[in-house]
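Student: Starting off with a structure, shown below.
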Amino acid sequence: MRWLVTGAAGMLGQDTVQELLDRGEHVTGLDRTALDITEPDAVRRAFDAHRPDVVVNCAAYTAVDDAETDEARALRVNGDGPRLLARACAEHGARLIHVSTDYVFSGETLATPYPEDHPPAPRTAYGRTKLAGERAVLAELPDAAVVRTAWLYGVHGRNFVRTMLELEARRDTVDVVDDQRGQPTWSADVAARIADLGATAAHGVFHATGSGECSWYELAREVFRLAGADPDRVRPTDSRSFTRPAPRPAYSALGHARWREAGLAPSRDWRSALSIALPLIRKEMSQ
């Protein structure tokens with residue numbers, strides 16, 4: 001199959017391209033300079049040039065706080081762009097796997113993982129625009145797959161795990177919120193789930209997050225422990241200590257039932273993934 005990955009310069013985009021290459025697939029990765037998904041002519045040219053069988057949309061406006069005052073721009077990237085990709089896929093007979101987020105949920109209504117069919121209720125501009133993208137994709141292309149993920153970290157780019165490693169080297173103590181719970185997710189694991197999904201005819205909504213759950217505070221302690229540092233240097237605090245324009249969900253763990261229904265495996269436990277990913281991140285940081 002011929003794969004086309006948009007947003008290929010991002011953390012998940014890079015891992016998805018690499019995962020597909022490792023599997024021997026024919027893959028083209030396009031970053032924003034090569035393909036602006038909000039431009040109809042650019043989308044048309046990309047499809048004509050590459051004739052993809054499967055498109056993975058990793059392109060997104062991910063500045064959660066900036067979206068509160070720039071929702072129109074976020075909607076163009078997160079809502080209009082996916083609609084254009086879905087239409088092009090329909091015209092060319094291609095499959096579409098569209099990446100979305102836990103922010104489509106309120107993060108307030110549940111204390112157990114959100115199932116895939118739970119009614120969305122975003123509280124932020126970012127969440128609203130990502131939900132618009134989900135709905136546009138499934139309206140234009142009912143056979144598409146939407147893959148929601150959350151708490152991403154990886155070797156490429158800025159992320160929480162990398163920040164904790166940097167702070168461990170610079171500070172005696174680090175204060176981290178203990179009243180927000182979710183699922184740390186290695187971007188390489190999400191890339192593997194996307195590749196698995198693309199090899200099937202499965203469609204609808206899937207949740208690609210690490211299994212289990214924890215708070216940011218517990219994640220930070222595990223990062224310190226795996227790095228050989230004293231976890232007690234991480235101190236718990238609450239969300240009031242870090243006021244931001246966009247409210248963060250208090251609980252955003254996601255359920256994984258759809259993977260099993262499709263005969264596919266969900267991602268591994270977050271601790272297991274982190275133990276493998278952390279040395280790779282440290283190696284990249286040292287280069």
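Just remember, in the structure tokens the first chain shown is A, the second B, etc., residues are 1-based per chain, and ligands are 1-based in the order shown.
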I'd like the neighbourhood of Arg268 (chain A) as a list in words, where a residue qualifies if any of its atoms comes within 8 Å (using only C-alpha atoms), though same-chain residues fewer than 4 positions away should be ignored.

Tutor: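 Listed by chain and then number, they are Asp189, Gly210, Ser211, Ser272 and Ala273 of chain A.
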
Student: Please save all heavy atoms of the selected residues as a CSV table (one decimal), in the first residue's frame.

Tutor:
chain,number,residue,atom,x,y,z
A,189,ASP,N,4.2,4.0,20.3
A,189,ASP,CA,3.1,3.1,20.5
A,189,ASP,C,1.9,3.5,19.7
A,189,ASP,O,1.2,2.6,19.1
A,189,ASP,CB,2.8,2.9,22.0
A,189,ASP,CG,3.7,2.0,22.7
A,189,ASP,OD1,4.6,1.3,22.1
A,189,ASP,OD2,3.7,2.0,24.0
A,210,GLY,N,-1.7,4.9,26.5
A,210,GLY,CA,-1.1,3.9,27.3
A,210,GLY,C,-2.1,3.3,28.2
A,210,GLY,O,-3.0,4.0,28.7
A,211,SER,N,-2.0,2.0,28.5
A,211,SER,CA,-2.9,1.4,29.5
A,211,SER,C,-2.5,1.8,30.9
A,211,SER,O,-1.4,2.1,31.2
A,211,SER,CB,-2.8,-0.2,29.3
A,211,SER,OG,-3.2,-0.6,28.0
A,272,SER,N,5.6,0.3,31.4
A,272,SER,CA,6.4,-0.5,30.5
A,272,SER,C,7.0,0.3,29.4
A,272,SER,O,8.1,0.3,29.0
A,272,SER,CB,5.7,-1.7,30.1
A,272,SER,OG,6.4,-2.5,29.1
A,273,ALA,N,6.1,1.1,28.8
A,273,ALA,CA,6.5,1.9,27.6
A,273,ALA,C,7.5,2.9,28.0
A,273,ALA,O,8.5,3.2,27.3
A,273,ALA,CB,5.2,2.6,27.0

Student: As a PyMOL selection string, list the residues of region 137-242 of chain A assigned to strand (DSSP E) by DSSP on the backbone atoms of this structure.

Tutor: chain A and resi 145-149+152-153+174-177+181-182+185-186+204-207+214-215+234-237

Student: Sorted by chain and rising residue number, which residues of region 107-203 of chain A lie within 10 Å of region 214-220 of chain A, and what are their closest atom pairs and distances in Å to one decimal, counting only C-alpha atoms, as a tab-separated table?

Tutor:
residue	atom	partner	partner_atom	distance
A:Trp151	CA	A:Trp216	CA	9.3
A:Phe160	CA	A:Ala220	CA	8.4
A:Val161	CA	A:Ala220	CA	7.4
A:Thr163	CA	A:Ala220	CA	9.6
A:Met164	CA	A:Ala220	CA	6.4
A:Leu165	CA	A:Ala220	CA	8.9
A:Glu168	CA	A:Ala220	CA	9.7
A:Val174	CA	A:Ala220	CA	8.9
A:Asp175	CA	A:Tyr217	CA	8.0
A:Val176	CA	A:Tyr217	CA	5.0
A:Val177	CA	A:Tyr217	CA	5.5
A:Asp178	CA	A:Tyr217	CA	5.0
A:Asp179	CA	A:Ser215	CA	6.7
A:Gln180	CA	A:Ser215	CA	5.5
A:Arg181	CA	A:Ser215	CA	4.2
A:Gly182	CA	A:Cys214	CA	5.8
A:Gln183	CA	A:Cys214	CA	6.3
A:Pro184	CA	A:Leu219	CA	7.5

Student: How close does each residue of region 201-256 of chain A get to region 125-137 of chain A, giving the shortest atom pair and distance in Å to one decimal for every residue with an atom at most 10 Å away, counting only C-alpha atoms, sorted by chain and residue number, as CSV?

Tutor:
residue,atom,partner,partner_atom,distance
A:Gly204,CA,A:Glu134,CA,10.0
A:Val205,CA,A:Glu134,CA,9.0
A:Ala246,CA,A:Ala125,CA,7.8

Student: Take the selection from the previous step and output its residues with all heavy atoms, as a PDB file, in the first residue's frame.

Tutor:
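Saved file selection.pdb follows:
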ATOM      1  N   GLY A 204     -14.321   3.935  12.415  1.00  0.00           N
ATOM      2  CA  GLY A 204     -14.949   4.474  13.613  1.00  0.00           C
ATOM      3  C   GLY A 204     -13.915   5.066  14.547  1.00  0.00           C
ATOM      4  O   GLY A 204     -12.803   5.411  14.133  1.00  0.00           O
ATOM      5  N   VAL A 205     -14.264   5.164  15.817  1.00  0.00           N
ATOM      6  CA  VAL A 205     -13.425   5.840  16.805  1.00  0.00           C
ATOM      7  C   VAL A 205     -12.630   4.828  17.622  1.00  0.00           C
ATOM      8  O   VAL A 205     -13.189   3.847  18.130  1.00  0.00           O
ATOM      9  CB  VAL A 205     -14.277   6.718  17.738  1.00  0.00           C
ATOM     10  CG1 VAL A 205     -13.398   7.379  18.805  1.00  0.00           C
ATOM     11  CG2 VAL A 205     -15.032   7.776  16.931  1.00  0.00           C
ATOM     12  N   ALA A 246      -6.542  27.890  28.997  1.00  0.00           N
ATOM     13  CA  ALA A 246      -7.431  26.759  28.722  1.00  0.00           C
ATOM     14  C   ALA A 246      -7.425  25.800  29.912  1.00  0.00           C
ATOM     15  O   ALA A 246      -6.352  25.356  30.341  1.00  0.00           O
ATOM     16  CB  ALA A 246      -6.984  26.022  27.465  1.00  0.00           C
TER      17      ALA A 246
END

Student: One number please: CA of Ser106 (chain A) to CA of Ala253 (chain A), in Å, one decimal.

Tutor: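 Pair CA of Ser106 (chain A) / CA of Ala253 (chain A) returns 11.5 Å.
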
Student: From the set A:Ala169, A:Gly228, A:Thr237, A:Pro245, which residue has the shortest atom-to-atom contact distance to Asp70 (chain A), counting only C-alpha atoms?

Tutor: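 For Asp70 (chain A), the nearest of the given residues is A:Pro245.
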
Student: Could you name the residues that touch region 33-47 of chain A at 12 Å or less, counting only C-alpha atoms, but leaving out those on the same chain fewer than 3 positions away, as a PDB file with N, CA and C atoms, in the first residue's frame?

Tutor:
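Result file is out_1.pdb:
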ATOM      1  N   ARG A   2       0.321   2.301  -0.541  1.00  0.00           N
ATOM      2  CA  ARG A   2       0.986   3.603  -0.503  1.00  0.00           C
ATOM      3  C   ARG A   2       0.368   4.435   0.617  1.00  0.00           C
ATOM      4  N   TRP A   3       1.214   4.859   1.540  1.00  0.00           N
ATOM      5  CA  TRP A   3       0.776   5.641   2.690  1.00  0.00           C
ATOM      6  C   TRP A   3       1.214   7.090   2.520  1.00  0.00           C
ATOM      7  N   LEU A   4       0.372   8.012   2.964  1.00  0.00           N
ATOM      8  CA  LEU A   4       0.707   9.433   3.014  1.00  0.00           C
ATOM      9  C   LEU A   4       0.469   9.924   4.436  1.00  0.00           C
ATOM     10  N   VAL A   5       1.496  10.479   5.060  1.00  0.00           N
ATOM     11  CA  VAL A   5       1.399  10.985   6.428  1.00  0.00           C
ATOM     12  C   VAL A   5       1.522  12.497   6.396  1.00  0.00           C
ATOM     13  N   THR A   6       0.488  13.208   6.838  1.00  0.00           N
ATOM     14  CA  THR A   6       0.549  14.665   6.960  1.00  0.00           C
ATOM     15  C   THR A   6       1.075  15.035   8.338  1.00  0.00           C
ATOM     16  N   GLY A   7       1.574  16.266   8.469  1.00  0.00           N
ATOM     17  CA  GLY A   7       2.151  16.666   9.749  1.00  0.00           C
ATOM     18  C   GLY A   7       3.351  15.815  10.109  1.00  0.00           C
ATOM     19  N   ALA A   8       4.135  15.443   9.089  1.00  0.00           N
ATOM     20  CA  ALA A   8       5.190  14.450   9.276  1.00  0.00           C
ATOM     21  C   ALA A   8       6.399  14.963  10.038  1.00  0.00           C
ATOM     22  N   ALA A   9       6.464  16.276  10.324  1.00  0.00           N
ATOM     23  CA  ALA A   9       7.595  16.808  11.087  1.00  0.00           C
ATOM     24  C   ALA A   9       7.332  16.781  12.584  1.00  0.00           C
ATOM     25  N   THR A  28       5.097   8.215   2.237  1.00  0.00           N
ATOM     26  CA  THR A  28       5.533   9.586   1.996  1.00  0.00           C
ATOM     27  C   THR A  28       5.094  10.437   3.176  1.00  0.00           C
ATOM     28  N   GLY A  29       6.029  11.135   3.784  1.00  0.00           N
ATOM     29  CA  GLY A  29       5.710  12.045   4.877  1.00  0.00           C
ATOM     30  C   GLY A  29       5.828  13.487   4.423  1.00  0.00           C
ATOM     31  N   LEU A  30       4.785  14.267   4.642  1.00  0.00           N
ATOM     32  CA  LEU A  30       4.776  15.667   4.232  1.00  0.00           C
ATOM     33  C   LEU A  30       4.555  16.560   5.449  1.00  0.00           C
ATOM     34  N   HIS A  50       0.908  11.593  -5.240  1.00  0.00           N
ATOM     35  CA  HIS A  50       1.301  10.430  -4.448  1.00  0.00           C
ATOM     36  C   HIS A  50       0.308   9.276  -4.500  1.00  0.00           C
ATOM     37  N   ARG A  51      -0.920   9.530  -4.942  1.00  0.00           N
ATOM     38  CA  ARG A  51      -1.935   8.482  -5.097  1.00  0.00           C
ATOM     39  C   ARG A  51      -1.991   7.548  -3.883  1.00  0.00           C
ATOM     40  N   PRO A  52      -2.228   8.079  -2.690  1.00  0.00           N
ATOM     41  CA  PRO A  52      -2.176   7.231  -1.487  1.00  0.00           C
ATOM     42  C   PRO A  52      -3.344   6.256  -1.401  1.00  0.00           C
ATOM     43  N   ASP A  53      -3.064   5.094  -0.813  1.00  0.00           N
ATOM     44  CA  ASP A  53      -4.106   4.142  -0.437  1.00  0.00           C
ATOM     45  C   ASP A  53      -4.619   4.431   0.972  1.00  0.00           C
ATOM     46  N   VAL A  54      -3.705   4.904   1.829  1.00  0.00           N
ATOM     47  CA  VAL A  54      -4.057   5.241   3.207  1.00  0.00           C
ATOM     48  C   VAL A  54      -3.425   6.584   3.550  1.00  0.00           C
ATOM     49  N   VAL A  55      -4.214   7.472   4.137  1.00  0.00           N
ATOM     50  CA  VAL A  55      -3.721   8.769   4.597  1.00  0.00           C
ATOM     51  C   VAL A  55      -3.822   8.805   6.113  1.00  0.00           C
ATOM     52  N   VAL A  56      -2.744   9.215   6.758  1.00  0.00           N
ATOM     53  CA  VAL A  56      -2.738   9.407   8.212  1.00  0.00           C
ATOM     54  C   VAL A  56      -2.581  10.895   8.472  1.00  0.00           C
ATOM     55  N   ASN A  57      -3.591  11.495   9.084  1.00  0.00           N
ATOM     56  CA  ASN A  57      -3.536  12.932   9.327  1.00  0.00           C
ATOM     57  C   ASN A  57      -3.006  13.228  10.726  1.00  0.00           C
ATOM     58  N   CYS A  58      -1.729  13.561  10.790  1.00  0.00           N
ATOM     59  CA  CYS A  58      -1.099  13.985  12.044  1.00  0.00           C
ATOM     60  C   CYS A  58      -0.972  15.506  12.115  1.00  0.00           C
ATOM     61  N   ALA A  59      -1.418  16.208  11.070  1.00  0.00           N
ATOM     62  CA  ALA A  59      -1.339  17.671  11.067  1.00  0.00           C
ATOM     63  C   ALA A  59      -2.397  18.228  12.003  1.00  0.00           C
ATOM     64  N   ALA A  60      -2.015  19.194  12.824  1.00  0.00           N
ATOM     65  CA  ALA A  60      -2.966  19.763  13.781  1.00  0.00           C
ATOM     66  C   ALA A  60      -2.431  21.066  14.358  1.00  0.00           C
ATOM     67  N   TYR A  61      -3.363  21.884  14.806  1.00  0.00           N
ATOM     68  CA  TYR A  61      -3.056  23.055  15.624  1.00  0.00           C
ATOM     69  C   TYR A  61      -3.141  22.571  17.059  1.00  0.00           C
ATOM     70  N   ARG A  73      -8.365  30.306  13.640  1.00  0.00           N
ATOM     71  CA  ARG A  73      -7.212  29.670  12.992  1.00  0.00           C
ATOM     72  C   ARG A  73      -7.126  28.203  13.369  1.00  0.00           C
ATOM     73  N   ALA A  74      -7.357  27.903  14.647  1.00  0.00           N
ATOM     74  CA  ALA A  74      -7.329  26.504  15.076  1.00  0.00           C
ATOM     75  C   ALA A  74      -8.389  25.691  14.343  1.00  0.00           C
ATOM     76  N   LEU A  75      -9.559  26.284  14.110  1.00  0.00           N
ATOM     77  CA  LEU A  75     -10.629  25.571  13.420  1.00  0.00           C
ATOM     78  C   LEU A  75     -10.263  25.293  11.962  1.00  0.00           C
ATOM     79  N   ARG A  76      -9.550  26.212  11.333  1.00  0.00           N
ATOM     80  CA  ARG A  76      -9.127  25.970   9.954  1.00  0.00           C
ATOM     81  C   ARG A  76      -8.249  24.723   9.865  1.00  0.00           C
ATOM     82  N   VAL A  77      -7.309  24.611  10.793  1.00  0.00           N
ATOM     83  CA  VAL A  77      -6.376  23.479  10.757  1.00  0.00           C
ATOM     84  C   VAL A  77      -7.027  22.198  11.274  1.00  0.00           C
ATOM     85  N   ASN A  78      -7.754  22.295  12.381  1.00  0.00           N
ATOM     86  CA  ASN A  78      -8.283  21.107  13.045  1.00  0.00           C
ATOM     87  C   ASN A  78      -9.645  20.665  12.525  1.00  0.00           C
ATOM     88  N   GLY A  79     -10.370  21.570  11.872  1.00  0.00           N
ATOM     89  CA  GLY A  79     -11.693  21.238  11.367  1.00  0.00           C
ATOM     90  C   GLY A  79     -11.776  21.238   9.858  1.00  0.00           C
ATOM     91  N   ASP A  80     -11.419  22.375   9.236  1.00  0.00           N
ATOM     92  CA  ASP A  80     -11.523  22.484   7.775  1.00  0.00           C
ATOM     93  C   ASP A  80     -10.521  21.596   7.056  1.00  0.00           C
ATOM     94  N   GLY A  81      -9.284  21.544   7.570  1.00  0.00           N
ATOM     95  CA  GLY A  81      -8.256  20.722   6.935  1.00  0.00           C
ATOM     96  C   GLY A  81      -8.632  19.249   6.870  1.00  0.00           C
ATOM     97  N   PRO A  82      -9.038  18.647   7.979  1.00  0.00           N
ATOM     98  CA  PRO A  82      -9.465  17.246   7.926  1.00  0.00           C
ATOM     99  C   PRO A  82     -10.641  17.008   6.972  1.00  0.00           C
ATOM    100  N   ARG A  83     -11.550  17.983   6.877  1.00  0.00           N
ATOM    101  CA  ARG A  83     -12.660  17.825   5.937  1.00  0.00           C
ATOM    102  C   ARG A  83     -12.141  17.731   4.493  1.00  0.00           C
ATOM    103  N   LEU A  84     -11.174  18.592   4.152  1.00  0.00           N
ATOM    104  CA  LEU A  84     -10.600  18.548   2.809  1.00  0.00           C
ATOM    105  C   LEU A  84      -9.906  17.213   2.552  1.00  0.00           C
ATOM    106  N   LEU A  85      -9.181  16.713   3.540  1.00  0.00           N
ATOM    107  CA  LEU A  85      -8.514  15.423   3.374  1.00  0.00           C
ATOM    108  C   LEU A  85      -9.534  14.302   3.183  1.00  0.00           C
ATOM    109  N   ALA A  86     -10.619  14.334   3.966  1.00  0.00           N
ATOM    110  CA  ALA A  86     -11.639  13.297   3.855  1.00  0.00           C
ATOM    111  C   ALA A  86     -12.287  13.322   2.471  1.00  0.00           C
ATOM    112  N   ARG A  87     -12.564  14.518   1.958  1.00  0.00           N
ATOM    113  CA  ARG A  87     -13.156  14.618   0.621  1.00  0.00           C
ATOM    114  C   ARG A  87     -12.213  14.071  -0.441  1.00  0.00           C
ATOM    115  N   ALA A  88     -10.927  14.403  -0.304  1.00  0.00           N
ATOM    116  CA  ALA A  88      -9.956  13.903  -1.272  1.00  0.00           C
ATOM    117  C   ALA A  88      -9.835  12.385  -1.189  1.00  0.00           C
ATOM    118  N   CYS A  89      -9.878  11.847   0.019  1.00  0.00           N
ATOM    119  CA  CYS A  89      -9.826  10.396   0.180  1.00  0.00           C
ATOM    120  C   CYS A  89     -11.043   9.741  -0.477  1.00  0.00           C
ATOM    121  N   ALA A  90     -12.216  10.346  -0.293  1.00  0.00           N
ATOM    122  CA  ALA A  90     -13.425   9.806  -0.907  1.00  0.00           C
ATOM    123  C   ALA A  90     -13.304   9.807  -2.432  1.00  0.00           C
ATOM    124  N   GLU A  91     -12.753  10.878  -2.982  1.00  0.00           N
ATOM    125  CA  GLU A  91     -12.621  10.990  -4.438  1.00  0.00           C
ATOM    126  C   GLU A  91     -11.624   9.972  -4.989  1.00  0.00           C
ATOM    127  N   HIS A  92     -10.577   9.668  -4.224  1.00  0.00           N
ATOM    128  CA  HIS A  92      -9.512   8.787  -4.702  1.00  0.00           C
ATOM    129  C   HIS A  92      -9.648   7.347  -4.190  1.00  0.00           C
ATOM    130  N   GLY A  93     -10.677   7.066  -3.407  1.00  0.00           N
ATOM    131  CA  GLY A  93     -10.836   5.722  -2.880  1.00  0.00           C
ATOM    132  C   GLY A  93      -9.796   5.334  -1.850  1.00  0.00           C
ATOM    133  N   ALA A  94      -9.308   6.318  -1.089  1.00  0.00           N
ATOM    134  CA  ALA A  94      -8.281   6.075  -0.070  1.00  0.00           C
ATOM    135  C   ALA A  94      -8.911   6.004   1.314  1.00  0.00           C
ATOM    136  N   GLY A 133     -13.264  18.553  13.668  1.00  0.00           N
ATOM    137  CA  GLY A 133     -12.530  17.745  12.706  1.00  0.00           C
ATOM    138  C   GLY A 133     -13.002  16.304  12.682  1.00  0.00           C
TER     139      GLY A 133
END

Student: Hey, what's within 9 Å of Asp230 (chain A) if we count only C-alpha atoms and toss same-chain stuff fewer than 5 positions away? As a ChimeraX atom specification, please?

Tutor: /A:221,224-225

Student: Could you state the separation of CA of Leu167 (chain A) and CA of Asp232 (chain A) in Å, given to one decimal place?

Tutor: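 Separating CA of Leu167 (chain A) from CA of Asp232 (chain A) is a distance of 13.9 Å.
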
Student: May I ask which of the residues A:Pro120, A:Val146, A:Arg23, A:Ala202 is the closest one to Arg260 (chain A), counting only C-alpha atoms?

Tutor: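 Checking each candidate against Arg260 (chain A), we get A:Ala202 as the closest.
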
Student: Counting only C-alpha atoms, what is within 9 Å of Asp143 (chain A), bar same-chain residues fewer than 2 positions away, as a PyMOL selection string?

Tutor: chain A and resi 95-96+138+141+145+201-204

Student: Output the selection as a compact mmCIF listing (two decimals), in the first residue's frame - N, CA, C and O atoms for each residue.

Tutor:
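Result file follows (selection_7.txt):
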# COMPACT_ATOMS: atom_id res chain seq x y z
N ARG A 95 -8.25 5.30 2.21
CA ARG A 95 -8.66 5.28 3.61
C ARG A 95 -8.05 6.48 4.32
O ARG A 95 -7.00 6.99 3.93
N LEU A 96 -8.72 6.93 5.40
CA LEU A 96 -8.20 8.04 6.21
C LEU A 96 -8.19 7.64 7.67
O LEU A 96 -9.19 7.15 8.20
N LEU A 138 -15.88 12.01 9.68
CA LEU A 138 -16.83 10.90 9.65
C LEU A 138 -18.06 11.21 8.81
O LEU A 138 -18.69 10.30 8.26
N LEU A 141 -16.58 10.87 5.17
CA LEU A 141 -16.00 9.56 4.87
C LEU A 141 -16.34 8.60 6.01
O LEU A 141 -15.54 8.39 6.93
N ALA A 145 -11.24 6.22 10.09
CA ALA A 145 -10.96 5.91 11.48
C ALA A 145 -10.46 7.16 12.19
O ALA A 145 -9.61 7.88 11.65
N ALA A 201 -9.77 -3.17 7.73
CA ALA A 201 -10.88 -2.35 7.23
C ALA A 201 -11.63 -1.70 8.38
O ALA A 201 -12.70 -1.11 8.18
N ALA A 202 -11.09 -1.78 9.59
CA ALA A 202 -11.77 -1.24 10.77
C ALA A 202 -11.94 0.27 10.65
O ALA A 202 -11.06 0.97 10.16
N HIS A 203 -13.07 0.77 11.10
CA HIS A 203 -13.34 2.20 11.03
C HIS A 203 -14.09 2.63 12.29
O HIS A 203 -14.45 1.81 13.12
N GLY A 204 -14.32 3.94 12.42
CA GLY A 204 -14.95 4.47 13.61
C GLY A 204 -13.91 5.07 14.55
O GLY A 204 -12.80 5.41 14.13

Student: What is the distance between CA of Met285 (chain A) and CA of Gly24 (chain A), in Å to one decimal?

Tutor: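 CA of Gly24 (chain A) lies 28.1 Å from CA of Met285 (chain A).
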
Student: Taking only region 6-250 of chain A into account, list the residues labelled helix (DSSP H, G or I) by DSSP (computed from the backbone), as an NGL selection string.

Tutor: :A and (11-22 or 40-50 or 66-68 or 71-92 or 102-104 or 125-140 or 160-170 or 187-198 or 216-226 or 231-233 or 239-241)

Student: May I have the residues within 7 Å of Thr173 (chain A) as a PDB file with all heavy atoms, in the first residue's frame, using only C-alpha atoms and disregarding those fewer than 4 positions away in the same chain?

Tutor:
ATOM      1  N   ARG A 233      12.225  14.160  45.160  1.00  0.00           N
ATOM      2  CA  ARG A 233      12.510  15.533  44.723  1.00  0.00           C
ATOM      3  C   ARG A 233      11.323  16.129  43.956  1.00  0.00           C
ATOM      4  O   ARG A 233      11.280  17.335  43.720  1.00  0.00           O
ATOM      5  CB  ARG A 233      13.763  15.560  43.859  1.00  0.00           C
ATOM      6  CG  ARG A 233      15.057  15.291  44.631  1.00  0.00           C
ATOM      7  CD  ARG A 233      16.229  15.053  43.686  1.00  0.00           C
ATOM      8  NE  ARG A 233      16.401  16.142  42.737  1.00  0.00           N
ATOM      9  CZ  ARG A 233      17.121  16.045  41.615  1.00  0.00           C
ATOM     10  NH1 ARG A 233      17.707  14.901  41.294  1.00  0.00           N
ATOM     11  NH2 ARG A 233      17.232  17.084  40.814  1.00  0.00           N
ATOM     12  N   VAL A 234      10.388  15.282  43.546  1.00  0.00           N
ATOM     13  CA  VAL A 234       9.153  15.756  42.916  1.00  0.00           C
ATOM     14  C   VAL A 234       8.116  15.982  44.012  1.00  0.00           C
ATOM     15  O   VAL A 234       7.840  15.085  44.811  1.00  0.00           O
ATOM     16  CB  VAL A 234       8.614  14.727  41.899  1.00  0.00           C
ATOM     17  CG1 VAL A 234       7.345  15.259  41.237  1.00  0.00           C
ATOM     18  CG2 VAL A 234       9.670  14.398  40.852  1.00  0.00           C
ATOM     19  N   ARG A 235       7.569  17.187  44.052  1.00  0.00           N
ATOM     20  CA  ARG A 235       6.621  17.546  45.108  1.00  0.00           C
ATOM     21  C   ARG A 235       5.232  17.752  44.509  1.00  0.00           C
ATOM     22  O   ARG A 235       5.089  18.383  43.460  1.00  0.00           O
ATOM     23  CB  ARG A 235       7.075  18.811  45.826  1.00  0.00           C
ATOM     24  CG  ARG A 235       8.497  18.711  46.395  1.00  0.00           C
ATOM     25  CD  ARG A 235       8.883  19.954  47.177  1.00  0.00           C
ATOM     26  NE  ARG A 235       8.731  21.176  46.380  1.00  0.00           N
ATOM     27  CZ  ARG A 235       9.130  22.385  46.769  1.00  0.00           C
ATOM     28  NH1 ARG A 235       9.727  22.523  47.953  1.00  0.00           N
ATOM     29  NH2 ARG A 235       8.967  23.437  45.993  1.00  0.00           N
TER      30      ARG A 235
END
